[in-house]
Amino acid sequence: MKIVVLVKEVPDTYGEREIDPETGLANRAASESVMDEINERALEVALRYADANPETEVVVLSLAPETATATIRKGLAMGASRAVHVADDALVGADYGVTGEVIAAALRRIGYDLVVAGNLSTDGSGGIIPAMVAELLGVPHATALSSVSITENEVTGQRSSDAGIMQMSAPLPAVISITDRLPDARFPNFKGIMAAKKKPLEVLNLADLGVELSESAVPHSIMVSVSERPPRAAGVKILDEGDAGKKLADFLAQNRLV
Ligand SMILES: Cc1cc2nc3c(=O)[nH]c(=O)nc-3n(C[C@H](O)[C@H](O)[C@H](O)COP(=O)(O)OP(=O)(O)OC[C@H]3O[C@@H](n4cnc5c(N)ncnc54)[C@H](O)[C@@H]3O)c2cc1C
C-alpha cells in the first residue's frame, strides 16, 4: 500500500499573518513557517496504518517554496518513508487550478493507493484542493472525514454535518480529506529526527512533471486588487442609566441586527 499525504507549509497559526499589498501574496517573511496542523493529523492517519501494516510506504508531498525543506523534513522525522517537494519559481502565486493540476501530476508520477489531505488549510482556506485533485486523477474522493478506516481495497469513514452523520466509503485508489476531529499527531522523537536526515527527499520542478503553465493549458484566476483589512473601529459602550435595554434594542435595530 502506498499512501501519499498532501502537506502544505503555512505561516504559524499563532503568529502574525500578513498579506503583501504589492503582490497580494502571503508575506512569508513576517512569521515562522510550519507544517499546517491539519496535515500533521493527515500524516498521523497514514502512519497509524503503516504501524499496523509495515509494508506500507508513506510519502509526503508538498508544493511549496524552496525554503520549505525543514517543514517537509518534519514529516520524515514523524515517520514518513520519503518526501517529494515540488518547487518552481513559476509557481509563485499559484491559484487553486494550478495547484491542483501540479499536485495531480506529481501524484501520477509518484503512484498512490490512497491520498490523504487536510480538509482546509489555515491560510488559504479554499477547502477545494483535495476534491480538485481527485477529479483531475479520475478517482473517488471522500472529503471532510471525522473518522477513517483503511483496508487493502477500501477506505471508509464518517462525515459529520449539521444534518447528521454520513457513512462514506470509496474503493482504492482514492483521495480523502480529514478534519481536526482526527487524533493529534505524534511528535518526532530523536531517533526519527536522525533517521529523517537519511531519508529520500526528491525536489521536482514543473519540467520534471511535464506541466506547462501556459494560459491555455491551465486556467488561472486573476487577482484584480488587494487591500489591507481596515483597523477595527471602537465599539459602542452602553451605560446603564435605567434605559440600557432600550438603548441596546435601538442599537440592534439601527444596525439591522433584529
Ligand atoms: C513558490 C510557491 C509559493 C506559494 N505561495 C503561497 C502563498 O503565498 N499563499 C498561499 O496560500 N499558498 C501559496 N502557495 C501554495 C499554493 O498556491 C496553495 O497551496 C493553493 O492555492 C491551495 O490553497 P488552499 O490553501 O486554500 O487549499 P485548501 O483546499 O484549503 O487545502 C486543503 C488541503 O489540500 C492540501 N494542499 C493544499 N495546498 C497544498 C500544497 N501547496 N502542497 C501540498 N498539499 C496542499 C493540504 O492537504 C491541505 O490541507 C505557494 C506555492 C508555491 C510552490
# chains A, B, ... in the order shown; residues from 1 in each chain; ligands from 1

call {"tool": "select_by_dssp", "arguments": {"residues": "region 30-81 of chain A", "states": "helix (DSSP H, G or I)", "output": "number ranges by chain"}}
result
A: 30, 37-52, 66-78

call {"tool": "write_last_selection", "arguments": {"atoms": "N, CA, C and O atoms", "output": "CSV table (one decimal), in the first residue's frame"}}
result
chain,number,residue,atom,x,y,z
A,30,ALA,N,7.1,37.3,7.3
A,30,ALA,CA,6.5,38.0,8.5
A,30,ALA,C,6.4,37.1,9.7
A,30,ALA,O,6.2,37.5,10.8
A,37,GLU,N,-1.2,22.3,10.8
A,37,GLU,CA,-1.6,21.3,11.8
A,37,GLU,C,-2.5,20.2,11.3
A,37,GLU,O,-2.4,19.0,11.7
A,38,ILE,N,-3.4,20.6,10.4
A,38,ILE,CA,-4.3,19.6,9.9
A,38,ILE,C,-3.6,18.5,9.0
A,38,ILE,O,-4.0,17.3,9.0
A,39,ASN,N,-2.5,18.9,8.5
A,39,ASN,CA,-1.7,18.0,7.7
A,39,ASN,C,-0.9,17.1,8.6
A,39,ASN,O,-0.5,15.9,8.2
A,40,GLU,N,-0.5,17.5,9.8
A,40,GLU,CA,0.1,16.6,10.8
A,40,GLU,C,-0.9,15.5,11.1
A,40,GLU,O,-0.5,14.3,11.2
A,41,ARG,N,-2.1,15.9,11.3
A,41,ARG,CA,-3.1,14.9,11.6
A,41,ARG,C,-3.3,13.9,10.4
A,41,ARG,O,-3.5,12.7,10.6
A,42,ALA,N,-3.3,14.5,9.2
A,42,ALA,CA,-3.4,13.6,8.0
A,42,ALA,C,-2.3,12.6,8.0
A,42,ALA,O,-2.5,11.4,7.7
A,43,LEU,N,-1.1,13.1,8.3
A,43,LEU,CA,0.1,12.2,8.3
A,43,LEU,C,-0.1,11.1,9.4
A,43,LEU,O,0.3,10.0,9.2
A,44,GLU,N,-0.6,11.5,10.5
A,44,GLU,CA,-0.9,10.6,11.6
A,44,GLU,C,-1.8,9.4,11.2
A,44,GLU,O,-1.6,8.3,11.5
A,45,VAL,N,-2.8,9.8,10.4
A,45,VAL,CA,-3.7,8.7,9.8
A,45,VAL,C,-2.9,7.7,9.0
A,45,VAL,O,-3.1,6.5,9.2
A,46,ALA,N,-2.0,8.2,8.2
A,46,ALA,CA,-1.2,7.3,7.3
A,46,ALA,C,-0.3,6.5,8.2
A,46,ALA,O,-0.1,5.3,8.0
A,47,LEU,N,0.4,7.2,9.2
A,47,LEU,CA,1.4,6.5,10.0
A,47,LEU,C,0.8,5.4,10.8
A,47,LEU,O,1.4,4.4,11.1
A,48,ARG,N,-0.4,5.6,11.3
A,48,ARG,CA,-1.1,4.6,12.2
A,48,ARG,C,-1.4,3.4,11.3
A,48,ARG,O,-1.2,2.2,11.8
A,49,TYR,N,-1.8,3.6,10.1
A,49,TYR,CA,-2.0,2.4,9.2
A,49,TYR,C,-0.7,1.7,9.0
A,49,TYR,O,-0.6,0.5,9.0
A,50,ALA,N,0.4,2.5,8.7
A,50,ALA,CA,1.7,1.9,8.5
A,50,ALA,C,2.3,1.2,9.7
A,50,ALA,O,2.9,0.1,9.6
A,51,ASP,N,2.0,1.7,10.9
A,51,ASP,CA,2.4,1.0,12.1
A,51,ASP,C,1.8,-0.4,12.2
A,51,ASP,O,2.5,-1.4,12.6
A,52,ALA,N,0.6,-0.6,11.7
A,52,ALA,CA,-0.1,-1.9,11.8
A,52,ALA,C,0.2,-2.7,10.5
A,52,ALA,O,0.0,-3.9,10.6
A,66,GLU,N,11.1,26.9,-2.2
A,66,GLU,CA,12.3,26.1,-1.9
A,66,GLU,C,12.7,26.1,-0.4
A,66,GLU,O,13.3,25.2,0.1
A,67,THR,N,12.3,27.2,0.3
A,67,THR,CA,12.7,27.3,1.7
A,67,THR,C,11.9,26.3,2.6
A,67,THR,O,12.1,26.3,3.8
A,68,ALA,N,11.0,25.5,2.0
A,68,ALA,CA,10.1,24.7,2.9
A,68,ALA,C,10.8,23.3,3.3
A,68,ALA,O,10.1,22.5,3.9
A,69,THR,N,12.1,23.2,3.1
A,69,THR,CA,12.7,21.9,3.3
A,69,THR,C,12.5,21.4,4.8
A,69,THR,O,12.2,20.2,5.0
A,70,ALA,N,12.7,22.3,5.7
A,70,ALA,CA,12.6,21.9,7.2
A,70,ALA,C,11.2,21.4,7.5
A,70,ALA,O,11.1,20.4,8.2
A,71,THR,N,10.2,22.0,6.9
A,71,THR,CA,8.8,21.6,7.2
A,71,THR,C,8.6,20.2,6.6
A,71,THR,O,8.0,19.4,7.2
A,72,ILE,N,9.1,20.0,5.4
A,72,ILE,CA,8.9,18.7,4.8
A,72,ILE,C,9.7,17.6,5.6
A,72,ILE,O,9.2,16.5,5.8
A,73,ARG,N,10.9,18.0,6.0
A,73,ARG,CA,11.7,17.0,6.8
A,73,ARG,C,11.0,16.6,8.1
A,73,ARG,O,11.2,15.5,8.6
A,74,LYS,N,10.2,17.5,8.6
A,74,LYS,CA,9.5,17.2,9.8
A,74,LYS,C,8.6,16.0,9.6
A,74,LYS,O,8.4,15.1,10.4
A,75,GLY,N,8.0,15.9,8.4
A,75,GLY,CA,7.1,14.8,8.0
A,75,GLY,C,7.9,13.5,8.0
A,75,GLY,O,7.5,12.4,8.4
A,76,LEU,N,9.2,13.6,7.5
A,76,LEU,CA,10.1,12.4,7.5
A,76,LEU,C,10.4,12.0,9.0
A,76,LEU,O,10.5,10.8,9.3
A,77,ALA,N,10.7,13.0,9.8
A,77,ALA,CA,11.0,12.8,11.2
A,77,ALA,C,9.9,12.1,12.0
A,77,ALA,O,10.0,11.3,12.9
A,78,MET,N,8.6,12.5,11.6
A,78,MET,CA,7.5,11.9,12.2
A,78,MET,C,7.3,10.4,11.8
A,78,MET,O,6.7,9.6,12.5

call {"tool": "residues_around", "arguments": {"residues": "Ser227 (chain A)", "least_positions_apart": "6", "cutoff": "10 Å", "atoms": "only C-alpha atoms", "output": "list of chain:residue names"}}
result
A:Ile19, A:Asp20, A:Pro21, A:Glu22, A:Gly24

call {"tool": "write_last_selection", "arguments": {"atoms": "C-alpha atoms", "output": "PDB file, in the first residue's frame"}}
result
ATOM      1  CA  ILE A  19      -0.551  39.951   3.087  1.00  0.00           C
ATOM      2  CA  ASP A  20       1.927  41.871   0.945  1.00  0.00           C
ATOM      3  CA  PRO A  21      -0.261  44.642  -0.559  1.00  0.00           C
ATOM      4  CA  GLU A  22       2.133  44.943  -3.539  1.00  0.00           C
ATOM      5  CA  GLY A  24      -1.318  40.160  -2.887  1.00  0.00           C
TER       6      GLY A  24
END

call {"tool": "closest_residue", "arguments": {"among": "A:Met132, A:Ala83, A:Ala64, A:Ile193", "to": "Ser177 (chain A)", "atoms": "only C-alpha atoms"}}
result
A:Met132

call {"tool": "atom_distance", "arguments": {"atom1": "CA of Lys191 (chain A)", "atom2": "CA of Ser81 (chain A)"}}
result
13.9 Å

call {"tool": "closest_residue", "arguments": {"among": "A:Ile165, A:Leu6, A:Ala29, A:Ala87", "to": "Val58 (chain A)", "atoms": "only C-alpha atoms"}}
result
A:Leu6

call {"tool": "residues_around", "arguments": {"residues": "Leu209 (chain A)", "least_positions_apart": "2", "cutoff": "8 Å", "atoms": "only C-alpha atoms", "output": "PyMOL selection string"}}
result
chain A and resi 102+105-106+109+204-207+211

call {"tool": "closest_residue", "arguments": {"among": "A:Leu239, A:Leu172, A:Val5, A:Ala196", "to": "Leu107 (chain A)", "atoms": "only C-alpha atoms"}}
result
A:Val5

call {"tool": "closest_residue", "arguments": {"among": "A:Met35, A:Ala90, A:Met1, A:Ile129", "to": "ligand 1", "atoms": "only C-alpha atoms and all ligand atoms"}}
result
A:Ile129

call {"tool": "closest_residue", "arguments": {"among": "A:Asp180, A:Glu154, A:Glu57, A:Asp162", "to": "ligand 1", "atoms": "only C-alpha atoms and all ligand atoms"}}
result
A:Asp180

call {"tool": "atom_distance", "arguments": {"atom1": "CA of His141 (chain A)", "atom2": "CA of Lys8 (chain A)"}}
result
19.0 Å

call {"tool": "closest_residue", "arguments": {"among": "A:Arg256, A:Arg229, A:Lys2, A:Arg82", "to": "Val115 (chain A)", "atoms": "only C-alpha atoms"}}
result
A:Lys2

call {"tool": "atom_distance", "arguments": {"atom1": "CA of Val59 (chain A)", "atom2": "CA of Ala80 (chain A)"}}
result
5.9 Å
